[in-house]
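**Student:** Once you've had a glance at the structure underneath, I'll fire off some questions.
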Amino acid sequence: MSDVEAIKQLVTKYKNLRQEIKKIIVGQDQVVEQVLLAIFSGGHALLIGVPGLAKTLLINTVAQTLGLDFKRIQFTPDLMPSDILGSEILDNNREFKFIKGPIFANIILADEINRTPPKTQAALLEAMQEKSVTIGGQNHKLAQPYFVLATQNPIEQEGTYPLPEAQLDRFMFAINLDYPSFSEEVEVVKATTVGANPKVNVLFTAEEIINYQQLIKKIPVADNVIEYAVTLVGKTRPKSPAAPEIVKKYIDWGAGPRASQNLILSAKANAALHGKFSPDIEDVQKVAFGILRHRLIKNYKAEAEGLTIEEIIKSLF
């Protein structure tokens with residue numbers, strides 16, 4: 001099959017995938033789109049929202065429709081790295097045997113990731129970046145494709161450990177979940193209080209997802225689009241000569257080179273999923289909020305004046 005035919009096939013399968021997810025998830029279209037963009041780009045995503053917005057249900061539904069192995073890890077203050085990675089035990093033959101932890105799955109839901117201490121958060125770092133874990137000096141490869149989808153509760157400050165910037169940077173997307181609209185909430189209540197139990201169909205295999213990820217990486221990008229993405233990221237750095245006044249005044253720290261890479265990768269995925277054979281500047285702008293949101297650090301002036309990160313990013317276009 002040629003690349004052009006493969007992209008056309010991907011567009012059809014993507015539309016069917018969205019329809020399957022809608023059987024369970026009401027609304028949240030942009031959130032679903034960004035989660036799927038992260039998956040087809042081969043990146044990880046951080047979902048930020050108050051409890052009860054179906055973050056866990058969404059990720060579980062996505063894993064089912066993609067035909068992937070799914071594990072949920074509930075992060076708590078007493079969680080240890082071995083609870084995630086696994087541990088070595090002595091078996092009956094007095095030999096050490098490695099028992100795999102829940103991190104050995106295709107999709108990991110790291111629920112309330114900011115409720116666990118840095119030592120345990122760091123256990124995820126190697127897995128997210130290297131797609132492998134080292135235990136007792138032995139390196140264990142993780143199954144492909146591999147995604148960490150983490151959730152973070154923004155309102156619960158008691159007993160939370162904010163994610164360090166280095167770890168935040170490993171997430172391709174930070175996705176904000178909002179309350180549903182009135183009509184969506186009515187639909188949710190109707191659907192969930194009648195005892196109906198809709199089932200979703202599996203539309204992909206792990207191998208297909210890996211092939212589509214490689215196809216998306218091969219998509220050509222015009223130099224002006226790459227330069228636009230790199231310029232956009234450069235503008236977020238307060239000490240850069242290209243930084244506009246709003247950044248110098250309100251931002252303490254800007255985005256690093258990983259943001260530029262992620263902008264182009266996810267712009268390619270956005271183009272492919274909508275049937276385009278090369279991304280343009282509009283694709284970069286569409287994914288920019290999710291890519292840059294968690295990589296810019298506002299100063300106290302921005303907080304005092306109620307300026308949002310989204311407003312600052314939009315002004316850079």
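The chains in the structure tokens are called A, B, ... from first to last as shown; in each chain the residues are counted from 1, and the ligands are counted from 1 in the order shown.
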Find the spatial neighbours of stretch 119-135 of chain A, counting only C-alpha atoms, within a cut-off of 10 Å - ignore same-chain residues fewer than 3 positions away - and output them as a ChimeraX atom specification.
**Tutor:** /A:43-44,75-88,98,103-104,110,113-116,138-148,161,163-164,166-167,170-171
**Student:** Each residue of stretch 171-244 of chain A with at least one atom at most 12 Å from stretch 21-41 of chain A should appear once, together with its nearest atom pair and the corresponding distance in Å (one decimal); atoms considered: only C-alpha atoms; ordering: chain, then increasing residue number; output as CSV.
**Tutor:**
residue,atom,partner,partner_atom,distance
A:Phe171,CA,A:Ala38,CA,9.1
A:Met172,CA,A:Ala38,CA,6.7
A:Phe173,CA,A:Ala38,CA,6.8
A:Ala174,CA,A:Gln34,CA,9.0
A:Ile175,CA,A:Val31,CA,6.5
A:Asn176,CA,A:Val31,CA,7.5
A:Leu177,CA,A:Val31,CA,6.9
A:Asp178,CA,A:Gln28,CA,8.2
A:Tyr179,CA,A:Gln28,CA,9.1
A:Pro180,CA,A:Gly27,CA,7.1
A:Ser181,CA,A:Gly27,CA,8.5
A:Phe182,CA,A:Gly27,CA,11.0
A:Ser183,CA,A:Gly27,CA,9.6
A:Glu184,CA,A:Gly27,CA,6.3
A:Glu185,CA,A:Val26,CA,8.3
A:Val186,CA,A:Val26,CA,10.0
A:Glu187,CA,A:Val26,CA,7.2
A:Val188,CA,A:Val26,CA,6.4
A:Val189,CA,A:Val26,CA,10.2
A:Lys190,CA,A:Val26,CA,10.9
A:Ala191,CA,A:Ile24,CA,8.8
A:Thr192,CA,A:Ile24,CA,9.5
A:Ala196,CA,A:Ile24,CA,10.5
A:Asn197,CA,A:Ile24,CA,8.9
A:Pro198,CA,A:Lys23,CA,6.7
A:Lys199,CA,A:Lys23,CA,7.8
A:Val200,CA,A:Lys23,CA,7.2
A:Asn201,CA,A:Ile21,CA,9.3
A:Val202,CA,A:Ile21,CA,10.6
A:Leu203,CA,A:Ile21,CA,10.9
A:Phe204,CA,A:Phe40,CA,11.8
A:Ala206,CA,A:Ile39,CA,11.3
A:Glu208,CA,A:Phe40,CA,10.5
A:Ile209,CA,A:Phe40,CA,7.0
A:Ile210,CA,A:Phe40,CA,8.3
A:Asn211,CA,A:Phe40,CA,9.7
A:Tyr212,CA,A:Phe40,CA,6.9
A:Gln213,CA,A:Phe40,CA,5.4
A:Gln214,CA,A:Ser41,CA,8.8
A:Leu215,CA,A:Phe40,CA,9.7
A:Ile216,CA,A:Ser41,CA,7.2
A:Lys217,CA,A:Ser41,CA,7.8
A:Lys218,CA,A:Ser41,CA,11.4
A:Ile219,CA,A:Ser41,CA,11.7
**Student:** Can you tell me which residues surround A:Pro257 at a distance of at most 9 Å, considering only C-alpha atoms, apart from same-chain residues fewer than 6 positions away, and format the answer as an MDAnalysis selection string?
**Tutor:** chainID A and resid 230 233:234
**Student:** Counting only C-alpha atoms, what is within 9 Å of A:Thr236, bar same-chain residues fewer than 6 positions away, as a list in words?
**Tutor:**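 Non-adjacent residues within range: Ala242, Ala243, Pro244, Val247, Lys248, Ile251, Trp253, Gly254, Ala255, Leu292, Leu296, Ile312, Ile313 and Leu316 of chain A.
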**Student:** Rank A:Leu265, A:Leu46, A:Ala272, A:Val194 by their smallest atom-to-atom distance to A:Val4, using only C-alpha atoms, and report the top residue only.
**Tutor:**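 Of all the options, A:Ala272 lies closest to A:Val4.
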